[in-house]
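This report refers to the structure that appears directly beneath it.
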Amino acid sequence: MPFVQKHFIVDSPIPAFLFIMRTLETTQGESQRLIHKGRVIVNSEVLKSPGQIISGDISVTVFEPEPVDMPPVFSTNDFMLFDKPSGVLVHPTTRYTPFSMLDAMRQYGGTESNPAHRIDRETSGLLLASKHKEAEVLIKSGFENRLIHKSYLAWVDGKISDIFEVNAPLQKNEDFGSIKHKVTVEKSGKLSRTSFVPLQYDPHLDTTLVQCFPHTGRMHQIRVHLFHVKHPILGDPIYGVPFEISNAYLDKVLSDKDRALYTGASRLMLHAQSLDFSYNEVNYKIESKVDFEDLKSLIMPKNTRRFNA
């Protein structure tokens with residue numbers, strides 16, 4: 001498990017942050033973060049103040065990466081890039097998450113390594129991670145200021161012949177009573193813009209490979225924009241499927257067979273293909289090494305699936 005609980009007996013009173021720094025060999029900032037996250041227990045009570053003098057029975061919950069064979073595809077002294085597989089979380093959601101990309105980041109980049117942006121669990125492709133706090137701040141600032149440009153590839157339902165753009169404001173859904181969409185198109189939502197370029201069409205599968213360029217960074221932006229124009233991404237268990245199918249998926253009771261039949265593919269057919277950015281006056285343009293075009297073998301033939309956009 002990535003999160004483990006370590007137990008200690010402290011005989012001589014000591015400030016909490018100093019004890020953690022010395023015992024776990026962390027920085028002061030890291031020790032304070034552990035305390036603020038409620039991961040330090042002193043004599044059966046959650047510690048709240050980093051400066052509190054502690055002694056007695058102490059337990060600390062820490063993240064220890066699982067050893068994995070998933071090296072970065074590109075690495076510098078400051079950052080690294082991984083080709084994330086579909087189905088793998090970027091960050092553990094609970095203390096019982098068996099594996100996430102954070103395991104690989106900490107294994108290959110050290111204890112200060114962190115994801116610099118988010119990718120949905122089911123989306124595959126390039127994931128940028130910082131190796132230390134200074135790099136993390138710089139890279140996250142680049143994303144926030146739209147200085148880092150991303151492109152994606154998607155296999156979508158139906159035929160698309162022309163380049164097009166979607167300007168549709170997006171808003172997080174607060175009511176899941178009738179639909180399970182996490183994001184919806186709403187006039188009151190946040191400005192969202194994506195450009196799309198069709199690359200090839202497969203008539204047997206009735207699917208188009210589309211290159212996607214998000215100009216804003218909203219949750220599920222590409223998925224919702226393609227669903228909005230009635231070309232949902234194949235394999236999407238949330239957008240473009242009946243309520244009972246998305247509900248079964250979220251409840252983790254949807255079978256692999258039904259998923260493929262109702263969504264058109266065995267996984268979300270969305271892939272983070274490239275990242276284009278500048279770091280310390282050096283320009284980088286990095287492409288995923290995955291042959292995403294070849295993954296159309298995961299798509300169900302049109303006449304066998306129950307998918308309806």
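Every chain in the structure tokens has a letter given in the order shown (A, B, ...), and although residue numbers restart at 1 in each chain, ligands are simply numbered from 1 in the order shown.
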**OP:** Enumerate, as a PyMOL selection string, the complete set of residues in segment 12-126 of chain A that a backbone-based DSSP assignment places in helix (DSSP H, G or I).
**Re:** chain A and resi 16-24+28-36+101-109
* Asp276 of chain A surroundings by only C-alpha atoms, 6 Å radius, close-in-sequence under 3 positions cut, as a PyMOL selection string -> chain A and resi 148-149+284-285
Using only C-alpha atoms, find each residue in segment 54-166 of chain A having at least one atom no more than 10 Å away from segment 25-36 of chain A; report its shortest atom-to-atom pair and that distance in Å (one decimal), rows by chain then rising number, as a tab-separated table.
```
residue	atom	partner	partner_atom	distance
A:Val60	CA	A:Leu34	CA	8.1
A:Thr61	CA	A:Leu34	CA	8.0
A:Val62	CA	A:Leu34	CA	7.8
A:Thr111	CA	A:Thr26	CA	8.9
A:Glu112	CA	A:Glu30	CA	8.8
```
- For Val137 of chain A, the nearest of the candidates A:Ile119, A:Arg223, A:Asp78, A:Thr194, counting only C-alpha atoms: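 That would be A:Asp78, the residue with the smallest distance to Val137 of chain A.
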Closest of A:Glu244, A:Ile41, A:His117, A:Tyr279 to Glu134 of chain A, counting only C-alpha atoms, is A:Tyr279
Subject >> Option closest in space to Tyr201 of chain A, from A:Gln221, A:His271, A:His7, A:Lys296 [counting only C-alpha atoms] >> reply: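 Under the stated criterion, the closest residue is A:Lys296.
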re atom CA of Thr216 of chain A and atom CA of Tyr249 of chain A: distance 27.6 Å
At a cut-off of 10 Å, using only C-alpha atoms, what residues contact Ile53 of chain A? Leave out same-chain residues fewer than 3 positions from it and give the result as a PDB file with C-alpha atoms, in the first residue's frame.
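The result, written out as part.pdb:
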```pdb
ATOM      1  CA  SER A  12      11.810  13.218  25.566  1.00  0.00           C
ATOM      2  CA  PRO A  13       9.312  16.020  24.768  1.00  0.00           C
ATOM      3  CA  ILE A  14      10.036  17.677  21.420  1.00  0.00           C
ATOM      4  CA  PRO A  15       8.226  20.036  18.979  1.00  0.00           C
ATOM      5  CA  ALA A  16       6.145  17.929  16.606  1.00  0.00           C
ATOM      6  CA  PHE A  17       7.552  19.310  13.352  1.00  0.00           C
ATOM      7  CA  LEU A  18      11.121  18.819  14.586  1.00  0.00           C
ATOM      8  CA  PHE A  19      10.434  15.212  15.564  1.00  0.00           C
ATOM      9  CA  SER A  49      -0.290  22.248  15.663  1.00  0.00           C
ATOM     10  CA  PRO A  50       3.205  21.722  14.163  1.00  0.00           C
TER      11      PRO A  50
END
```
(message) Report, in Å to a single decimal, how far apart atom CA of Val88 of chain A and atom CA of Lys230 of chain A are.
(response)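 Going from atom CA of Lys230 of chain A over to atom CA of Val88 of chain A, I get 27.4 Å.
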Pick from A:Asp202, A:Asp236, A:Glu287, A:Asp294, whichever lies nearest to Val73 of chain A using only C-alpha atoms
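Checking each of A:Asp202, A:Asp236, A:Glu287, A:Asp294 against Val73 of chain A, counting only C-alpha atoms, the winner is A:Glu287.
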Q.
Just list as number ranges by chain whatever in segment 202-283 of chain A DSSP marks as strand (DSSP E or B).
A. A: 202, 207-214, 233, 265, 270-279, 282-283
Contacts of Ala260 of chain A within 9 Å, only C-alpha atoms, excl. fewer than 3 positions in-chain, as a CSV table (one decimal) with N, CA and C atoms, in the first residue's frame:
```csv
chain,number,residue,atom,x,y,z
A,235,GLY,N,-16.1,4.7,-25.9
A,235,GLY,CA,-15.6,4.2,-24.6
A,235,GLY,C,-15.9,5.1,-23.4
A,255,SER,N,-20.3,-4.4,-16.2
A,255,SER,CA,-19.4,-5.5,-16.7
A,255,SER,C,-18.6,-4.9,-17.9
A,256,ASP,N,-17.4,-5.6,-18.1
A,256,ASP,CA,-16.6,-5.2,-19.3
A,256,ASP,C,-17.4,-5.3,-20.6
A,257,LYS,N,-18.2,-6.4,-20.7
A,257,LYS,CA,-19.0,-6.6,-21.9
A,257,LYS,C,-20.0,-5.5,-22.1
A,263,THR,N,-20.8,1.7,-24.8
A,263,THR,CA,-20.0,2.9,-25.0
A,263,THR,C,-19.2,2.8,-26.3
A,264,GLY,N,-19.1,1.6,-26.9
A,264,GLY,CA,-18.4,1.5,-28.2
A,264,GLY,C,-17.0,1.0,-28.1
A,265,ALA,N,-16.4,1.0,-26.8
A,265,ALA,CA,-15.1,0.5,-26.7
A,265,ALA,C,-14.8,0.1,-25.3
A,266,SER,N,-13.7,-0.6,-25.1
A,266,SER,CA,-13.4,-1.2,-23.7
A,266,SER,C,-12.7,-0.2,-22.8
A,267,ARG,N,-12.4,1.0,-23.3
A,267,ARG,CA,-11.8,2.0,-22.5
A,267,ARG,C,-12.1,3.4,-23.1
A,298,LEU,N,-9.6,-1.7,-30.1
A,298,LEU,CA,-10.4,-1.8,-28.9
A,298,LEU,C,-11.8,-1.4,-29.1
A,299,ILE,N,-12.1,-0.8,-30.3
A,299,ILE,CA,-13.4,-0.3,-30.7
A,299,ILE,C,-14.3,-1.4,-31.2
A,300,MET,N,-15.6,-1.5,-30.7
A,300,MET,CA,-16.6,-2.4,-31.2
A,300,MET,C,-17.0,-2.1,-32.6
A,305,ARG,N,-22.6,-2.9,-31.5
A,305,ARG,CA,-22.7,-2.1,-30.3
A,305,ARG,C,-24.1,-1.5,-30.1
A,306,ARG,N,-24.5,-1.2,-28.9
A,306,ARG,CA,-25.8,-0.6,-28.6
A,306,ARG,C,-25.6,0.9,-28.3
A,307,PHE,N,-24.5,1.4,-28.8
A,307,PHE,CA,-24.1,2.8,-28.5
A,307,PHE,C,-25.0,3.8,-29.3
```
As a PDB file with C-alpha atoms, in the first residue's frame, please: the residues near Asn114 of chain A (cut-off 9 Å, only C-alpha atoms, same-chain neighbours under 5 positions excluded).
```pdb
ATOM      1  CA  HIS A  91      -2.908  10.611  -7.351  1.00  0.00           C
ATOM      2  CA  LEU A 102       2.467   9.210  -7.770  1.00  0.00           C
ATOM      3  CA  MET A 105       6.909   9.846  -9.711  1.00  0.00           C
ATOM      4  CA  ARG A 106       8.311   9.364  -6.210  1.00  0.00           C
ATOM      5  CA  GLY A 109      12.015  11.577  -9.088  1.00  0.00           C
ATOM      6  CA  LEU A 128       4.163  16.085 -16.586  1.00  0.00           C
ATOM      7  CA  ALA A 129       5.609  15.852 -13.065  1.00  0.00           C
ATOM      8  CA  SER A 130       7.929  18.161 -11.129  1.00  0.00           C
ATOM      9  CA  LYS A 131      10.901  16.850  -9.154  1.00  0.00           C
ATOM     10  CA  HIS A 132      11.068  19.607  -6.528  1.00  0.00           C
ATOM     11  CA  LYS A 133       8.950  22.441  -5.149  1.00  0.00           C
ATOM     12  CA  GLU A 136       6.319  22.516  -9.272  1.00  0.00           C
TER      13      GLU A 136
END
```
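Residues with any atom within 12 Å of Asn247 of chain A, counting only C-alpha atoms and excluding same-chain neighbours fewer than 4 positions away, are Phe176, Gly177, Ser178, Ile179, Lys180, His181, Lys182, Pro237, Ile238, Tyr239, Val241, Pro242, Phe243, Asp251, Lys252, Val253, Leu254 and Arg259 of chain A.
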From the list A:Gly38, A:Pro198, A:Pro214, A:Gly240, the nearest residue to Tyr152 of chain A using only C-alpha atoms is A:Pro214
